[in-house]
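A.B. asks: Sending over upload-v4.tsv (TSV, C-alpha atoms and all ligand atoms).
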```
chain	number	residue	atom	x	y	z
A	1	MET	CA	-14.09	-8.50	18.42
A	2	ALA	CA	-13.39	-5.56	16.13
A	3	SER	CA	-16.34	-3.92	14.42
A	4	ARG	CA	-16.23	-1.75	11.37
A	5	GLY	CA	-14.93	1.58	12.55
A	6	THR	CA	-12.67	0.17	15.27
A	7	ILE	CA	-9.60	2.29	15.91
A	8	TYR	CA	-6.65	0.28	17.05
A	9	PRO	CA	-4.48	1.53	19.93
A	10	TRP	CA	-0.73	1.72	20.14
A	11	ARG	CA	0.72	-1.46	21.63
A	12	ALA	CA	4.09	-1.96	23.25
A	13	GLY	CA	6.44	-4.93	23.31
A	14	ASN	CA	6.64	-5.68	19.60
A	15	ARG	CA	9.52	-6.68	17.36
A	16	PHE	CA	9.67	-5.26	13.83
A	17	GLU	CA	11.98	-6.30	11.04
A	18	LEU	CA	12.10	-4.61	7.65
A	19	LEU	CA	12.46	-7.20	4.89
A	20	LEU	CA	13.77	-5.73	1.64
A	21	ASP	CA	12.61	-7.25	-1.62
A	22	GLY	CA	10.96	-10.53	-2.55
A	23	ALA	CA	14.16	-12.57	-2.41
A	24	VAL	CA	14.27	-11.83	1.31
A	25	PHE	CA	10.65	-11.70	2.41
A	26	PHE	CA	9.16	-14.56	0.35
A	27	PRO	CA	11.57	-17.25	1.68
A	28	ARG	CA	10.96	-15.86	5.20
A	29	MET	CA	7.17	-16.00	4.84
A	30	LEU	CA	7.27	-19.47	3.25
A	31	ALA	CA	9.48	-20.77	6.06
A	32	ALA	CA	7.04	-19.39	8.63
A	33	ILE	CA	4.12	-21.07	6.82
A	34	ALA	CA	6.12	-24.33	6.69
A	35	ALA	CA	6.59	-24.13	10.46
A	36	ALA	CA	2.95	-23.23	11.24
A	37	ALA	CA	1.33	-25.48	13.81
A	38	GLN	CA	-2.25	-24.17	14.00
A	39	GLN	CA	-3.32	-21.57	11.47
A	40	VAL	CA	-2.26	-19.48	8.51
A	41	GLU	CA	-4.14	-16.54	6.99
A	42	VAL	CA	-3.29	-14.77	3.76
A	43	GLU	CA	-5.02	-11.62	2.51
A	44	LEU	CA	-3.76	-10.31	-0.82
A	45	TYR	CA	-4.74	-8.04	-3.66
A	46	LEU	CA	-2.50	-9.41	-6.46
A	47	ILE	CA	-1.96	-13.12	-7.00
A	48	GLU	CA	-1.48	-14.69	-10.39
A	49	ASP	CA	-0.08	-17.88	-11.89
A	50	GLY	CA	3.70	-18.02	-11.98
A	51	GLN	CA	6.74	-19.23	-10.09
A	52	CYS	CA	6.07	-17.04	-7.07
A	53	SER	CA	2.43	-18.04	-6.56
A	54	GLU	CA	3.39	-21.66	-7.25
A	55	ARG	CA	5.65	-21.61	-4.20
A	56	LEU	CA	3.01	-19.91	-2.08
A	57	VAL	CA	0.27	-22.31	-3.18
A	58	ASP	CA	2.59	-25.26	-2.45
A	59	ALA	CA	3.34	-23.97	1.05
A	60	LEU	CA	-0.34	-23.35	1.81
A	61	CYS	CA	-1.37	-26.78	0.50
A	62	ARG	CA	1.31	-28.51	2.52
A	63	ALA	CA	0.30	-26.69	5.69
A	64	ALA	CA	-3.37	-27.59	5.15
A	65	ALA	CA	-2.45	-31.21	4.42
A	66	ARG	CA	-0.77	-31.54	7.82
A	67	GLY	CA	-3.85	-30.24	9.62
A	68	VAL	CA	-3.16	-26.51	9.88
A	69	ARG	CA	-6.24	-24.33	9.29
A	70	VAL	CA	-5.36	-22.27	6.20
A	71	ARG	CA	-7.49	-19.41	4.90
A	72	GLY	CA	-6.96	-17.25	1.82
A	73	LEU	CA	-8.87	-14.01	1.32
A	74	PHE	CA	-8.10	-12.66	-2.13
A	75	ASP	CA	-9.39	-9.71	-4.04
A	76	ALA	CA	-11.48	-11.16	-6.87
A	77	TYR	CA	-10.13	-8.69	-9.43
A	78	GLY	CA	-6.49	-8.75	-8.28
A	79	ALA	CA	-6.58	-12.57	-8.21
A	80	ALA	CA	-8.14	-12.91	-11.67
A	81	GLY	CA	-4.80	-14.23	-12.97
A	82	LEU	CA	-4.86	-17.19	-10.59
A	83	ALA	CA	-6.28	-19.87	-12.86
A	84	VAL	CA	-8.66	-22.67	-11.96
A	85	PRO	CA	-6.00	-25.40	-11.49
A	86	ALA	CA	-4.27	-23.45	-8.70
A	87	ARG	CA	-7.60	-22.65	-7.05
A	88	GLU	CA	-8.64	-26.30	-7.24
A	89	ARG	CA	-5.35	-27.44	-5.77
A	90	LEU	CA	-5.87	-25.13	-2.81
A	91	LEU	CA	-9.44	-26.29	-2.26
A	92	ALA	CA	-8.50	-29.97	-2.65
A	93	ALA	CA	-5.82	-29.54	0.02
A	94	GLY	CA	-8.43	-28.12	2.40
A	95	VAL	CA	-7.52	-24.42	2.13
A	96	GLU	CA	-10.56	-22.20	2.73
A	97	LEU	CA	-10.88	-19.51	0.07
A	98	ARG	CA	-12.93	-16.33	-0.13
A	99	TRP	CA	-12.97	-13.72	-2.88
A	100	TYR	CA	-13.59	-10.06	-2.23
A	101	ASN	CA	-16.13	-8.29	-4.43
A	102	PRO	CA	-16.27	-10.31	-7.68
A	103	LEU	CA	-16.92	-8.05	-10.67
A	104	ARG	CA	-20.62	-7.78	-11.62
A	105	TRP	CA	-22.10	-5.49	-14.23
A	106	ARG	CA	-24.99	-4.52	-11.98
A	107	ARG	CA	-22.59	-3.34	-9.28
A	108	GLY	CA	-21.48	-0.44	-11.49
A	109	VAL	CA	-19.08	1.87	-9.68
A	110	ARG	CA	-19.04	-0.47	-6.67
A	111	ASN	CA	-16.79	-2.70	-8.76
A	112	PHE	CA	-14.04	-0.17	-8.02
A	113	HIS	CA	-13.98	-1.29	-4.38
A	114	ARG	CA	-11.00	-3.59	-3.95
A	115	ASP	CA	-9.28	-5.38	-1.08
A	116	HIS	CA	-5.84	-3.90	-1.45
A	117	ARG	CA	-4.39	-5.22	1.83
A	118	LYS	CA	-1.32	-7.44	1.91
A	119	LEU	CA	-1.16	-9.55	5.03
A	120	VAL	CA	0.17	-12.96	6.04
A	121	LEU	CA	-0.52	-14.30	9.56
A	122	VAL	CA	1.02	-17.40	11.11
A	123	ASP	CA	-0.30	-19.04	14.28
A	124	GLY	CA	-1.53	-15.67	15.58
A	125	ARG	CA	2.13	-15.10	16.45
A	126	LEU	CA	3.72	-13.57	13.36
A	127	ALA	CA	2.38	-11.01	10.92
A	128	TYR	CA	3.85	-9.94	7.59
A	129	VAL	CA	2.54	-6.60	6.38
A	130	GLY	CA	3.59	-4.53	3.39
A	131	GLY	CA	3.03	-3.96	-0.29
A	132	THR	CA	3.68	-7.28	-1.99
A	133	GLY	CA	1.53	-9.44	-4.20
A	134	ALA	CA	2.20	-13.06	-5.13
A	135	THR	CA	3.37	-12.51	-8.70
A	136	ASP	CA	6.69	-12.97	-10.46
A	137	GLU	CA	7.29	-9.22	-10.42
A	138	PHE	CA	7.79	-9.45	-6.67
A	139	TRP	CA	9.82	-12.65	-6.58
A	140	LEU	CA	11.43	-14.97	-9.06
A	141	PRO	CA	12.80	-17.83	-6.94
A	142	SER	CA	15.70	-18.35	-9.36
A	143	GLU	CA	16.81	-14.68	-9.27
A	144	SER	CA	18.45	-12.73	-6.49
A	145	ARG	CA	16.81	-9.47	-7.63
A	146	SER	CA	13.13	-9.01	-8.30
A	147	PRO	CA	11.80	-6.76	-11.06
A	148	TRP	CA	9.81	-4.69	-8.53
A	149	HIS	CA	11.34	-3.09	-5.44
A	150	GLU	CA	9.15	-3.87	-2.43
A	151	VAL	CA	9.24	-4.23	1.36
A	152	MET	CA	7.38	-6.28	3.94
A	153	VAL	CA	7.58	-5.95	7.72
A	154	GLU	CA	7.77	-8.96	10.01
A	155	VAL	CA	5.89	-8.22	13.22
A	156	GLU	CA	5.94	-10.26	16.40
A	157	GLY	CA	4.26	-9.34	19.67
A	158	PRO	CA	0.89	-8.12	20.98
A	159	LEU	CA	0.20	-6.17	17.79
A	160	VAL	CA	-0.33	-9.44	15.90
A	161	GLY	CA	-3.62	-9.86	17.80
A	162	ASP	CA	-4.93	-6.66	16.17
A	163	TRP	CA	-3.86	-7.83	12.72
A	164	GLN	CA	-5.69	-11.08	13.42
A	165	GLN	CA	-8.85	-9.15	14.33
A	166	LEU	CA	-8.66	-7.06	11.20
A	167	PHE	CA	-8.39	-10.21	9.12
A	168	GLU	CA	-11.21	-12.01	10.97
A	169	HIS	CA	-13.52	-9.08	10.44
A	170	GLN	CA	-12.88	-8.94	6.73
A	171	TRP	CA	-13.05	-12.73	6.41
A	172	ARG	CA	-16.60	-12.62	7.71
A	173	ALA	CA	-17.68	-9.42	6.01
A	174	ARG	CA	-16.22	-9.96	2.55
A	175	PHE	CA	-18.43	-7.62	0.56
A	176	ALA	CA	-21.56	-8.00	2.63
A	177	TRP	CA	-21.24	-4.37	3.72
A	178	ARG	CA	-22.15	-1.36	1.62
A	179	PRO	CA	-19.30	1.12	1.67
A	180	ARG	CA	-20.57	4.56	2.46
A	181	HIS	CA	-18.87	7.52	0.96
A	182	GLN	CA	-19.02	9.94	3.82
A	183	PRO	CA	-16.07	9.51	6.19
A	184	LEU	CA	-17.01	8.54	9.75
A	185	ALA	CA	-15.79	10.95	12.41
A	186	LEU	CA	-12.74	9.25	13.88
A	187	SER	CA	-10.70	10.03	16.91
A	188	LEU	CA	-7.17	8.66	16.75
A	189	PRO	CA	-5.24	7.55	19.83
A	190	ASP	CA	-2.48	9.96	20.81
A	191	CYS	CA	0.78	9.11	19.14
A	192	PRO	CA	3.43	8.37	21.80
A	193	PRO	CA	6.36	10.80	21.53
A	194	ALA	CA	8.90	7.97	21.32
A	195	GLY	CA	9.29	4.40	22.40
A	196	LEU	CA	10.61	0.93	21.88
A	197	GLY	CA	8.60	-1.75	20.12
A	198	LEU	CA	5.51	0.46	19.82
A	199	GLY	CA	3.14	-0.33	16.99
A	200	ARG	CA	-0.36	0.27	15.70
A	201	VAL	CA	-2.60	-1.16	13.01
A	202	ALA	CA	-3.78	1.65	10.72
A	203	TYR	CA	-6.31	0.81	8.06
A	204	ALA	CA	-8.80	2.12	5.56
A	205	ASP	CA	-12.24	0.82	4.62
A	206	ALA	CA	-12.79	2.84	1.47
A	207	ALA	CA	-13.86	6.45	2.05
A	208	GLN	CA	-15.87	5.76	5.19
A	209	HIS	CA	-12.97	4.86	7.44
A	210	ARG	CA	-9.60	6.40	6.75
A	211	ASP	CA	-7.65	6.41	9.98
A	212	ILE	CA	-4.62	5.56	7.87
A	213	LEU	CA	-4.96	8.94	6.14
A	214	LEU	CA	-5.79	10.94	9.28
A	215	SER	CA	-2.79	9.44	10.97
A	216	LEU	CA	-0.49	10.40	8.10
A	217	LEU	CA	-1.88	13.95	8.05
A	218	ARG	CA	-1.34	14.30	11.77
A	219	ALA	CA	2.24	13.07	11.45
A	220	LEU	CA	2.93	15.46	8.54
A	221	ARG	CA	1.50	18.41	10.46
A	222	GLY	CA	3.65	17.61	13.48
A	223	ALA	CA	6.87	16.87	11.55
A	224	ARG	CA	9.92	18.68	12.86
A	225	GLN	CA	12.95	17.31	10.98
A	226	ARG	CA	12.10	15.00	8.12
A	227	VAL	CA	9.30	13.67	5.98
A	228	TRP	CA	10.40	10.93	3.62
A	229	LEU	CA	7.56	9.38	1.65
A	230	ALA	CA	7.74	6.60	-0.94
A	231	THR	CA	4.89	5.56	-3.21
A	232	PRO	CA	4.71	4.09	-6.71
A	233	TYR	CA	1.46	5.85	-7.59
A	234	PHE	CA	1.73	9.49	-6.65
A	235	LEU	CA	-1.79	10.92	-6.74
A	236	PRO	CA	-2.03	12.30	-3.20
A	237	THR	CA	-5.09	14.05	-1.89
A	238	TRP	CA	-5.11	17.82	-1.69
A	239	LYS	CA	-4.73	17.74	2.10
A	240	ILE	CA	-1.60	15.60	1.84
A	241	ARG	CA	-0.10	17.90	-0.80
A	242	ARG	CA	-0.83	20.91	1.36
A	243	ALA	CA	0.66	19.25	4.45
A	244	LEU	CA	3.82	18.38	2.48
A	245	ARG	CA	4.18	21.97	1.23
A	246	ARG	CA	3.59	23.42	4.68
A	247	ALA	CA	6.10	21.07	6.27
A	248	ALA	CA	8.74	22.10	3.71
A	249	ALA	CA	7.88	25.77	4.27
A	250	ARG	CA	8.61	25.48	8.00
A	251	GLY	CA	12.03	23.98	7.33
A	252	VAL	CA	11.32	20.25	7.52
A	253	GLU	CA	13.32	18.19	5.04
A	254	VAL	CA	10.58	16.81	2.78
A	255	ARG	CA	11.64	14.20	0.24
A	256	LEU	CA	9.44	12.15	-2.04
A	257	LEU	CA	10.66	8.85	-3.48
A	258	LEU	CA	8.59	8.06	-6.57
A	259	ALA	CA	8.62	5.73	-9.54
A	260	GLY	CA	10.83	6.70	-12.47
A	261	ARG	CA	10.55	5.41	-16.03
A	262	HIS	CA	10.12	1.83	-14.75
A	263	THR	CA	6.45	1.71	-13.89
A	264	ASP	CA	3.56	-0.57	-14.77
A	265	HIS	CA	1.18	2.39	-15.16
A	266	PRO	CA	2.89	5.28	-17.05
A	267	PRO	CA	-0.38	7.27	-17.19
A	268	VAL	CA	-0.52	7.35	-13.38
A	269	ARG	CA	3.05	8.62	-13.27
A	270	PHE	CA	2.28	11.35	-15.79
A	271	ALA	CA	-0.92	12.36	-14.01
A	272	GLY	CA	0.94	12.66	-10.69
A	273	GLN	CA	3.71	14.76	-12.20
A	274	ARG	CA	1.29	17.66	-12.54
A	275	TYR	CA	1.81	18.21	-8.81
A	276	TYR	CA	5.58	18.56	-9.11
A	277	PRO	CA	5.97	22.30	-9.83
A	278	LYS	CA	3.99	23.53	-6.84
A	279	LEU	CA	5.71	21.05	-4.51
A	280	LEU	CA	9.18	21.91	-5.86
A	281	LYS	CA	8.49	25.64	-5.46
A	282	ALA	CA	7.51	24.98	-1.84
A	283	GLY	CA	10.89	23.31	-1.22
A	284	VAL	CA	9.85	19.67	-1.46
A	285	ARG	CA	12.59	17.48	-2.98
A	286	ILE	CA	11.47	14.87	-5.49
A	287	PHE	CA	13.45	11.74	-6.35
A	288	GLU	CA	12.53	9.30	-9.12
A	289	TYR	CA	13.91	5.82	-8.50
A	290	GLN	CA	15.90	4.56	-11.49
A	291	PRO	CA	16.95	0.87	-11.22
A	292	ARG	CA	13.52	-0.80	-11.43
A	293	PHE	CA	9.91	-0.24	-10.51
A	294	LEU	CA	9.65	1.20	-7.03
A	295	HIS	CA	6.48	-0.36	-5.65
A	296	LEU	CA	6.96	0.14	-1.92
A	297	LYS	CA	4.71	2.30	0.21
A	298	MET	CA	6.60	3.65	3.18
A	299	VAL	CA	6.64	6.88	5.18
A	300	LEU	CA	9.15	8.15	7.72
A	301	VAL	CA	8.19	11.28	9.66
A	302	ASP	CA	10.93	12.08	12.19
A	303	ASP	CA	11.00	8.67	13.95
A	304	TRP	CA	7.44	7.58	13.13
A	305	VAL	CA	7.11	4.93	10.44
A	306	SER	CA	4.15	3.75	8.39
A	307	VAL	CA	4.58	0.83	5.97
A	308	GLY	CA	1.97	-1.20	4.15
A	309	SER	CA	-0.40	-1.31	1.24
A	310	CYS	CA	-1.60	2.29	1.10
A	311	ASN	CA	-0.40	4.46	-1.77
A	312	PHE	CA	-2.08	7.49	-0.14
A	313	ASP	CA	-3.61	8.33	-3.53
A	314	HIS	CA	-7.13	9.59	-4.02
A	315	TRP	CA	-8.18	6.37	-5.84
A	316	ASN	CA	-6.97	4.06	-3.05
A	317	LEU	CA	-8.46	6.19	-0.33
A	318	ARG	CA	-11.83	6.40	-2.04
A	319	PHE	CA	-12.40	2.73	-2.81
A	320	ASN	CA	-9.93	0.35	-1.22
A	321	LEU	CA	-9.36	-1.64	1.91
A	322	ASP	CA	-5.81	-0.84	2.93
A	323	ALA	CA	-3.64	-1.54	5.96
A	324	ASN	CA	-0.32	-0.20	7.22
A	325	VAL	CA	1.75	-0.96	10.27
A	326	GLU	CA	2.73	2.18	12.15
A	327	ALA	CA	5.77	1.89	14.40
A	328	LEU	CA	7.97	3.77	16.81
A	329	ASP	CA	11.09	1.79	17.45
A	330	PRO	CA	14.66	3.11	17.13
A	331	GLY	CA	16.11	0.03	15.42
A	332	PHE	CA	13.25	-0.21	12.96
A	333	THR	CA	13.35	3.52	12.23
A	334	GLN	CA	17.04	3.18	11.49
A	335	ALA	CA	16.40	0.30	9.07
A	336	VAL	CA	13.70	2.30	7.28
A	337	ALA	CA	15.96	5.37	7.07
A	338	ALA	CA	18.80	3.24	5.67
A	339	CYS	CA	16.48	1.84	3.01
A	340	PHE	CA	15.43	5.38	2.01
A	341	ILE	CA	19.05	6.59	1.90
A	342	GLU	CA	20.05	3.69	-0.34
A	343	ASP	CA	17.12	4.37	-2.65
A	344	PHE	CA	17.66	8.15	-2.82
A	345	ALA	CA	21.26	7.42	-3.89
A	346	VAL	CA	20.07	5.55	-7.00
A	347	SER	CA	17.32	8.00	-7.84
A	348	ARG	CA	17.27	11.02	-10.09
A	349	GLU	CA	16.45	14.23	-8.28
A	350	ILE	CA	14.03	16.39	-10.23
A	351	THR	CA	14.74	20.10	-9.93
A	352	LEU	CA	12.55	23.00	-10.90
A	353	ASP	CA	14.98	23.78	-13.73
A	354	ASP	CA	14.74	20.23	-15.10
A	355	TRP	CA	11.06	20.51	-14.81
A	356	GLN	CA	10.77	23.74	-16.73
A	357	GLN	CA	13.01	22.42	-19.49
A	358	ARG	CA	11.16	19.18	-20.18
A	359	PRO	CA	10.28	18.56	-23.84
A	360	TRP	CA	6.90	19.49	-25.30
A	361	TRP	CA	5.80	15.88	-25.77
A	362	ARG	CA	6.38	15.20	-22.08
A	363	ARG	CA	4.27	18.25	-21.20
A	364	ALA	CA	1.54	16.99	-23.54
A	365	GLN	CA	1.51	13.53	-21.86
A	366	GLN	CA	1.33	15.10	-18.42
A	367	ARG	CA	-1.46	17.49	-19.42
A	368	LEU	CA	-3.50	14.73	-21.02
A	369	TRP	CA	-3.25	12.24	-18.15
A	370	GLY	CA	-3.55	14.91	-15.50
A	371	TRP	CA	-6.72	16.20	-17.15
A	372	LEU	CA	-8.21	12.70	-17.46
A	373	ASP	CA	-7.44	11.94	-13.82
A	374	ARG	CA	-9.08	15.19	-12.70
A	375	LEU	CA	-12.09	14.55	-14.93
A	376	ALA	CA	-12.55	11.05	-13.47
A	377	VAL	CA	-12.36	12.39	-9.92
A	378	ASN	CA	-14.87	15.16	-10.69
A	379	LEU	CA	-17.29	12.64	-12.17
A	380	LEU	CA	-16.91	10.36	-9.16
A	381	ASP	CA	-17.55	13.28	-6.80
A	382	ARG	CA	-20.71	14.14	-8.71
A	383	TRP	CA	-21.88	10.52	-8.51
A	384	ARG	CA	-21.32	10.55	-4.78
B	1	LIG	O1	-2.13	-1.54	-6.29
B	1	LIG	P1	-0.75	-1.89	-5.79
B	1	LIG	O2	-0.07	-0.73	-5.24
B	1	LIG	O3	-0.72	-3.09	-4.94
B	1	LIG	O4	0.07	-2.28	-7.10
B	1	LIG	C1	-0.36	-3.28	-7.94
B	1	LIG	C2	-0.64	-2.67	-9.27
B	1	LIG	O5	-1.90	-2.07	-9.27
B	1	LIG	C3	-0.58	-3.65	-10.35
B	1	LIG	O6	-0.73	-3.00	-11.57
```
Show me this structure written as structure tokens.
C.D. replies:
Amino acid sequence: MASRGTIYPWRAGNRFELLLDGAVFFPRMLAAIAAAAQQVEVELYLIEDGQCSERLVDALCRAAARGVRVRGLFDAYGAAGLAVPARERLLAAGVELRWYNPLRWRRGVRNFHRDHRKLVLVDGRLAYVGGTGATDEFWLPSESRSPWHEVMVEVEGPLVGDWQQLFEHQWRARFAWRPRHQPLALSLPDCPPAGLGLGRVAYADAAQHRDILLSLLRALRGARQRVWLATPYFLPTWKIRRALRRAAARGVEVRLLLAGRHTDHPPVRFAGQRYYPKLLKAGVRIFEYQPRFLHLKMVLVDDWVSVGSCNFDHWNLRFNLDANVEALDPGFTQAVAACFIEDFAVSREITLDDWQQRPWWRRAQQRLWGWLDRLAVNLLDRWR
């Protein structure tokens, strides 16, 4: 059984499939739940009333009604929009529910700790891992295109056992543990140079366990040809920014795929833009996705892939539970690269010239939100 601090190894013999957007991955996940024979587990940050959650709740209730053990572990803050009738339906059908860290005044800053993982498990045989929530932004069953651009990965093979362990541990722990703020010393397993069907569970337990971050940093430092990184909330830690600049300086093609004007949190976008000039000067290329809100969290370093819930921002890494699937598999790498190429093509590349010519009101927004973000981080560091 995994304990807090467990580092998962690389496992061979897995199948990975990249599922692009809610209209693809929700029907696939619902069909898997409909076919479940023994157990279904769902761990989500965002779930709120709407057409998407209605379908999910229906599928979970139906599975429970035919004798499947169904468990839902939801973040209490992210699930605040799931009203009592839906919760009661789930409970009446026999679905077991647990809520991570309900907000309490006396918890103070500990209220910031959130379960940000996105995981669906079926019969210990299939895992779905990525960045989705169960809200209408991710999937409107009547529409072929969802308002938010997202990916999930379908995983089959020995790796699913590790995902199951990660879930079981959190199911029991909920918020019984006290997150510490000093990172534990971690030793990552060596990353295989290449392979077929190789995968690893990478996760974060707030600031105390961040193998997901260490693993990214190691990949960035070892990059030889490309670093393509997508995140909707670009507030990377200083070490990540430095690793990106250094990779670009040694000739690696470093491209960032970030949210453009379609975003649910404009202040976060403005705060993150303060990092643009230094990155651009170092040779990093920055693309802002135009068609809709880019919400996916995906990294491709040479052939190594990491996809999941982690935005690699200093807020996530300080407070959240996160989980990514890391993979080395030629077919999967190709699918991830194709997704990036398609998204770069409909993005606006930001150049240093553009940047220097932006209007004064844009500069003012960036200064303000950048300053507030830095202030908040300084205050949190002092509290620590
Ligand atoms: O935190 P994420 O990346 O799952 O995105 C969800 C947003 O916070 C919703 O506003």
A.B. asks: 9 Å from ligand LIG 1 (chain B) is the threshold here; counting only C-alpha atoms and all ligand atoms, which polymer residues fall inside it? Answer as JSON, numbers by chain.
C.D. replies: {"A": [44, 45, 46, 78, 116, 117, 118, 131, 132, 133, 231, 232, 233, 263, 264, 265, 295, 296, 297, 309, 310, 311, 316]}
A.B. asks: Of the residues A:Leu244, A:Leu186, A:Leu372, A:Leu321, which is the one nearest to A:Phe74, using all atoms listed in the file?
C.D. replies: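 With all atoms listed in the file as the atom set, the closest residue is A:Leu321.
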A.B. asks: Taking (-13.4, -12.9, 6.8) in the file's coordinates, which residues come within 10 Å, counting all atoms listed in the file, written as a PyMOL selection string?
C.D. replies: chain A and resi 41+43+71-73+97-100+165-175
A.B. asks: Skip stretch 327-340 of chain A itself and residues of its chain fewer than 5 positions away, then list as a PyMOL selection string all residues within 8 Å of it, counting all atoms listed in the file.
C.D. replies: chain A and resi 16-18+194-200+228+300+303-306
A.B. asks: Counting all atoms listed in the file, which residue out of A:Asp21, A:Asp343, A:Glu48, A:Glu96 sits closest to A:Ser146?
C.D. replies: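 When distances to A:Ser146 are compared using all atoms listed in the file, the smallest one comes from A:Asp21.
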A.B. asks: Could you state the separation of atom CA of A:Ala259 and atom CA of A:Phe344 in Å, given to one decimal place?
C.D. replies: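 Straight-line distance from atom CA of A:Ala259 to atom CA of A:Phe344 works out to 11.5 Å.
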A.B. asks: Identify which of the residues A:Val284, A:Val346, A:Leu352, A:Val155 lies closest to A:Val120, counting only C-alpha atoms when measuring atom-to-atom distances.
C.D. replies: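 Among the listed residues, A:Val155 lies closest to A:Val120.
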A.B. asks: If I take atom CA of A:Ala34 and atom CA of A:Arg55, how far is one from the other in Å, to one decimal?
C.D. replies: 11.2 Å
A.B. asks: Just checking: using all atoms listed in the file, which residue out of A:Arg104, A:Arg110, A:Arg125, A:Arg269 ends up closest to A:Ala32?
C.D. replies: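 Closest residue, counting all atoms listed in the file: A:Arg125.
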